[in-house]
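Right, one structure below, let's go through it.
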Amino acid sequence: MPDRRSVSPAPGPTQVLADALAAEYAAIWAYGVIGVHLADAARTAARAAEAAHRSRRDALLLQLAEGAGQVPADRAGYALPYPVTDRAAALRLAVEIEERTAGHWRAALPHTTGADRNTALAALTDCALRATRWRRTAGVNPVTVPFPGRPA
């Protein structure tokens with residue numbers, strides 16, 4: 001799974017958006033694993049989260065394809081940070097994937113302007129809200145963090 005520490009040292013707008021795209025790819029893949037271990041409302045929330053990441057991925061793909069930058073390819077699979085074998089691990093991974101994706105969008109903020117910055121801020125906010133919902137579902141306290149997407 002892409003880690004926010006893997007972001008390029010002096011990236012431009014195209015590079016940070018490509019890094020965010022890689023994080024969106026990983027989030028989509030992770031929700032396939034997460035959803036298998038959830039039921040009812042949590043499974044519905046996982047499907048909605050995956051759909052949100054797919055939508056953001058699709059928009060980024062179009063934007064990067066229209067620009068002069070290289071569009072990173074999706075991988076066939078991603079290494080999970082730990083085995084996901086039950087509901088608790090699935091919820092923990094949902095929180096982690098949202099935090100990691102938020103980190104990539106947060107990293108994009110100082111390198112973007114205008115519409116790109118608005119996109120990055122909206123994505124950061126969406127990820128932070130989903131992470132909060134997943135923490136609440138998992139019974140994790142506190143349910144919020146002071147600076148979403150910021151490395152711990």
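If you're wondering about the labels, chains in the structure tokens are A, B, ... by order shown, residues count from 1 in each chain, ligands from 1 in order shown.
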Practice problem: Identify, on the basis of only C-alpha atoms, every residue whose closest approach to Pro151 in chain A does not exceed 12 Å; exclude the query and any residue fewer than 2 positions from it along the same chain; express the result as a PyMOL selection string. | Solution: chain A and resi 3-5+96+99-104+106-107+145-149
Please write the residues from the selection above to a file, keeping N, CA, C and O atoms, as an mmCIF file, in the first residue's frame.
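Final output, out08.cif:
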```
data_model
loop_
_atom_site.group_PDB
_atom_site.id
_atom_site.type_symbol
_atom_site.label_atom_id
_atom_site.label_comp_id
_atom_site.auth_asym_id
_atom_site.auth_seq_id
_atom_site.Cartn_x
_atom_site.Cartn_y
_atom_site.Cartn_z
ATOM 1 N N ASP A 3 2.571 4.570 0.874
ATOM 2 C CA ASP A 3 2.730 5.279 2.137
ATOM 3 C C ASP A 3 2.999 6.731 1.816
ATOM 4 O O ASP A 3 3.704 7.039 0.863
ATOM 5 N N ARG A 4 2.451 7.637 2.607
ATOM 6 C CA ARG A 4 2.625 9.059 2.310
ATOM 7 C C ARG A 4 4.088 9.465 2.366
ATOM 8 O O ARG A 4 4.465 10.482 1.826
ATOM 9 N N ARG A 5 4.961 8.682 2.979
ATOM 10 C CA ARG A 5 6.385 9.013 3.001
ATOM 11 C C ARG A 5 7.034 8.740 1.660
ATOM 12 O O ARG A 5 8.149 9.143 1.422
ATOM 13 N N GLU A 96 -7.039 2.966 8.441
ATOM 14 C CA GLU A 96 -5.675 3.188 7.963
ATOM 15 C C GLU A 96 -5.641 3.614 6.498
ATOM 16 O O GLU A 96 -4.898 4.526 6.124
ATOM 17 N N GLU A 99 -6.665 7.181 6.261
ATOM 18 C CA GLU A 99 -5.608 8.066 6.768
ATOM 19 C C GLU A 99 -4.463 8.183 5.770
ATOM 20 O O GLU A 99 -3.930 9.274 5.547
ATOM 21 N N ARG A 100 -4.071 7.061 5.167
ATOM 22 C CA ARG A 100 -2.980 7.099 4.184
ATOM 23 C C ARG A 100 -3.370 7.909 2.950
ATOM 24 O O ARG A 100 -2.575 8.698 2.434
ATOM 25 N N THR A 101 -4.587 7.690 2.480
ATOM 26 C CA THR A 101 -5.037 8.428 1.303
ATOM 27 C C THR A 101 -5.137 9.915 1.633
ATOM 28 O O THR A 101 -4.732 10.765 0.827
ATOM 29 N N ALA A 102 -5.637 10.223 2.818
ATOM 30 C CA ALA A 102 -5.685 11.628 3.262
ATOM 31 C C ALA A 102 -4.284 12.227 3.268
ATOM 32 O O ALA A 102 -4.099 13.398 2.901
ATOM 33 N N GLY A 103 -3.294 11.448 3.666
ATOM 34 C CA GLY A 103 -1.913 11.934 3.682
ATOM 35 C C GLY A 103 -1.419 12.340 2.309
ATOM 36 O O GLY A 103 -0.717 13.353 2.160
ATOM 37 N N HIS A 104 -1.791 11.592 1.302
ATOM 38 C CA HIS A 104 -1.391 11.946 -0.065
ATOM 39 C C HIS A 104 -2.087 13.212 -0.532
ATOM 40 O O HIS A 104 -1.477 14.062 -1.196
ATOM 41 N N ARG A 106 -3.237 15.571 1.471
ATOM 42 C CA ARG A 106 -2.677 16.670 2.261
ATOM 43 C C ARG A 106 -1.343 17.116 1.663
ATOM 44 O O ARG A 106 -1.052 18.312 1.574
ATOM 45 N N ALA A 107 -0.539 16.147 1.233
ATOM 46 C CA ALA A 107 0.755 16.465 0.629
ATOM 47 C C ALA A 107 0.590 17.244 -0.676
ATOM 48 O O ALA A 107 1.482 17.997 -1.071
ATOM 49 N N VAL A 145 -8.993 13.012 14.706
ATOM 50 C CA VAL A 145 -7.585 13.343 14.913
ATOM 51 C C VAL A 145 -7.427 14.836 14.654
ATOM 52 O O VAL A 145 -8.181 15.421 13.877
ATOM 53 N N PRO A 146 -6.459 15.484 15.301
ATOM 54 C CA PRO A 146 -6.344 16.939 15.165
ATOM 55 C C PRO A 146 -6.011 17.423 13.753
ATOM 56 O O PRO A 146 -6.537 18.418 13.308
ATOM 57 N N PHE A 147 -5.149 16.724 13.046
ATOM 58 C CA PHE A 147 -4.738 17.170 11.710
ATOM 59 C C PHE A 147 -4.794 15.983 10.745
ATOM 60 O O PHE A 147 -3.794 15.277 10.568
ATOM 61 N N PRO A 148 -5.954 15.740 10.133
ATOM 62 C CA PRO A 148 -6.078 14.583 9.218
ATOM 63 C C PRO A 148 -5.029 14.596 8.138
ATOM 64 O O PRO A 148 -4.689 15.639 7.586
ATOM 65 N N GLY A 149 -4.494 13.421 7.850
ATOM 66 C CA GLY A 149 -3.505 13.269 6.791
ATOM 67 C C GLY A 149 -2.091 13.621 7.198
ATOM 68 O O GLY A 149 -1.156 13.453 6.443
#
```
Self-check item: Near-range 74-78 of chain A list (8 Å; only C-alpha atoms; drop same-chain fewer than 6 positions) as a PyMOL selection string
Solution: chain A and resi 1+22+25-26+29-30
Quiz item: Can you tell me, as a PyMOL selection string, what residues are no more than 12 Å from range 31-35 of chain A when counting only C-alpha atoms, ignoring any on the same chain fewer than 5 positions away?
Solution: chain A and resi 24-26+40-54+77-80+82-98+134
List every residue of range 36-92 of chain A that has an atom at most 12 Å from any atom of range 114-122 of chain A, giving for each one its closest atom pair and the distance in Å to one decimal, counting only C-alpha atoms, sorted by chain and then by ascending residue number, as a Markdown table.
```
| residue | atom | partner | partner_atom | distance |
| --- | --- | --- | --- | --- |
| A:Ala52 | CA | A:Ala122 | CA | 11.7 |
| A:Arg56 | CA | A:Thr119 | CA | 9.2 |
| A:Arg57 | CA | A:Thr119 | CA | 11.8 |
| A:Ala59 | CA | A:Thr119 | CA | 10.0 |
| A:Leu60 | CA | A:Thr119 | CA | 9.7 |
| A:Gln63 | CA | A:Asp116 | CA | 9.8 |
| A:Leu64 | CA | A:Asp116 | CA | 11.3 |
```
Quiz prompt | Closest of A:Ala152, A:Leu109, A:Leu21, A:Ala123 to Ala65 in chain A - atom-to-atom distances counting only C-alpha atoms | solution =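 Nearest to Ala65 in chain A: A:Leu21.
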Exercise. Based on DSSP run over this structure's backbone, return all residues of range 72-146 of chain A in helix (DSSP H, G or I), as a ChimeraX atom specification.
Key: /A:87-111,114-138
Quiz item: In Å, with one decimal, what is the gap from CA of Asn141 in chain A to CA of Ala108 in chain A?
Solution: 28.0 Å
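The interatomic distance for the pair CA of Thr112 in chain A and CA of Pro13 in chain A works out to 5.3 Å.
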Self-check item: Residues within 10 Å of range 142-144 of chain A, only C-alpha atoms, excluding chain neighbours under 3 positions, as a PyMOL selection string
Solution: chain A and resi 128-129+131-139+147-148
For those residues, write all heavy atoms to a file as a short mmCIF file (atom, residue, chain, number, x, y, z; two decimals), in the first residue's frame.
```cif
data_model
loop_
_atom_site.label_atom_id
_atom_site.label_comp_id
_atom_site.auth_asym_id
_atom_site.auth_seq_id
_atom_site.Cartn_x
_atom_site.Cartn_y
_atom_site.Cartn_z
N ALA A 128 -10.91 12.17 5.66
CA ALA A 128 -10.95 12.41 7.11
C ALA A 128 -12.32 12.05 7.68
O ALA A 128 -12.42 11.45 8.76
CB ALA A 128 -10.61 13.86 7.41
N LEU A 129 -13.37 12.41 6.98
CA LEU A 129 -14.72 12.08 7.45
C LEU A 129 -14.95 10.57 7.45
O LEU A 129 -15.52 10.02 8.41
CB LEU A 129 -15.78 12.78 6.58
CG LEU A 129 -15.88 14.28 6.76
CD1 LEU A 129 -16.79 14.88 5.69
CD2 LEU A 129 -16.39 14.61 8.16
N ALA A 131 -12.65 8.24 7.69
CA ALA A 131 -11.83 7.67 8.76
C ALA A 131 -12.52 7.84 10.11
O ALA A 131 -12.53 6.92 10.94
CB ALA A 131 -10.44 8.31 8.79
N THR A 132 -13.14 8.99 10.33
CA THR A 132 -13.88 9.24 11.57
C THR A 132 -15.04 8.27 11.70
O THR A 132 -15.26 7.68 12.76
CB THR A 132 -14.37 10.70 11.62
OG1 THR A 132 -13.23 11.55 11.63
CG2 THR A 132 -15.23 10.96 12.84
N ARG A 133 -15.78 8.08 10.62
CA ARG A 133 -16.91 7.13 10.66
C ARG A 133 -16.43 5.71 10.95
O ARG A 133 -17.06 4.98 11.71
CB ARG A 133 -17.67 7.19 9.35
CG ARG A 133 -18.46 8.46 9.18
CD ARG A 133 -19.29 8.44 7.88
NE ARG A 133 -19.70 9.77 7.54
CZ ARG A 133 -19.30 10.45 6.46
NH1 ARG A 133 -18.47 9.90 5.60
NH2 ARG A 133 -19.74 11.67 6.25
N TRP A 134 -15.31 5.31 10.33
CA TRP A 134 -14.78 3.97 10.57
C TRP A 134 -14.30 3.82 12.01
O TRP A 134 -14.50 2.78 12.63
CB TRP A 134 -13.65 3.64 9.59
CG TRP A 134 -14.11 3.36 8.21
CD1 TRP A 134 -13.70 3.97 7.06
CD2 TRP A 134 -15.09 2.40 7.78
NE1 TRP A 134 -14.35 3.46 5.97
CE2 TRP A 134 -15.20 2.48 6.38
CE3 TRP A 134 -15.88 1.46 8.45
CZ2 TRP A 134 -16.07 1.67 5.65
CZ3 TRP A 134 -16.74 0.66 7.72
CH2 TRP A 134 -16.84 0.77 6.34
N ARG A 135 -13.67 4.86 12.57
CA ARG A 135 -13.25 4.79 13.97
C ARG A 135 -14.48 4.62 14.88
O ARG A 135 -14.46 3.83 15.81
CB ARG A 135 -12.49 6.05 14.38
CG ARG A 135 -11.08 6.09 13.90
CD ARG A 135 -10.32 7.29 14.51
NE ARG A 135 -9.26 7.68 13.63
CZ ARG A 135 -9.36 8.63 12.70
NH1 ARG A 135 -10.44 9.35 12.56
NH2 ARG A 135 -8.33 8.90 11.93
N ARG A 136 -15.53 5.37 14.59
CA ARG A 136 -16.74 5.26 15.38
C ARG A 136 -17.34 3.85 15.26
O ARG A 136 -17.72 3.25 16.26
CB ARG A 136 -17.76 6.31 14.95
CG ARG A 136 -19.00 6.33 15.85
CD ARG A 136 -19.98 7.43 15.51
NE ARG A 136 -20.17 7.53 14.07
CZ ARG A 136 -20.32 8.66 13.40
NH1 ARG A 136 -20.30 9.81 14.03
NH2 ARG A 136 -20.49 8.67 12.10
N THR A 137 -17.40 3.31 14.06
CA THR A 137 -17.91 1.95 13.84
C THR A 137 -17.08 0.93 14.59
O THR A 137 -17.61 -0.03 15.16
CB THR A 137 -17.94 1.62 12.34
OG1 THR A 137 -18.78 2.57 11.68
CG2 THR A 137 -18.45 0.22 12.08
N ALA A 138 -15.76 1.13 14.62
CA ALA A 138 -14.86 0.20 15.29
C ALA A 138 -14.80 0.40 16.80
O ALA A 138 -14.21 -0.41 17.51
CB ALA A 138 -13.45 0.33 14.71
N GLY A 139 -15.39 1.48 17.28
CA GLY A 139 -15.34 1.76 18.72
C GLY A 139 -14.02 2.32 19.17
O GLY A 139 -13.63 2.20 20.33
N PHE A 147 -5.15 16.72 13.05
CA PHE A 147 -4.74 17.17 11.71
C PHE A 147 -4.79 15.98 10.74
O PHE A 147 -3.79 15.28 10.57
CB PHE A 147 -3.31 17.74 11.74
CG PHE A 147 -3.19 18.93 12.65
CD1 PHE A 147 -2.62 18.80 13.91
CD2 PHE A 147 -3.65 20.17 12.25
CE1 PHE A 147 -2.51 19.89 14.76
CE2 PHE A 147 -3.55 21.27 13.09
CZ PHE A 147 -2.98 21.13 14.34
N PRO A 148 -5.95 15.74 10.13
CA PRO A 148 -6.08 14.58 9.22
C PRO A 148 -5.03 14.60 8.14
O PRO A 148 -4.69 15.64 7.59
CB PRO A 148 -7.47 14.77 8.62
CG PRO A 148 -8.21 15.62 9.60
CD PRO A 148 -7.18 16.53 10.20
#
```
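Across the model, the gap from CA of Ala73 in chain A to CA of Pro110 in chain A is 24.4 Å.
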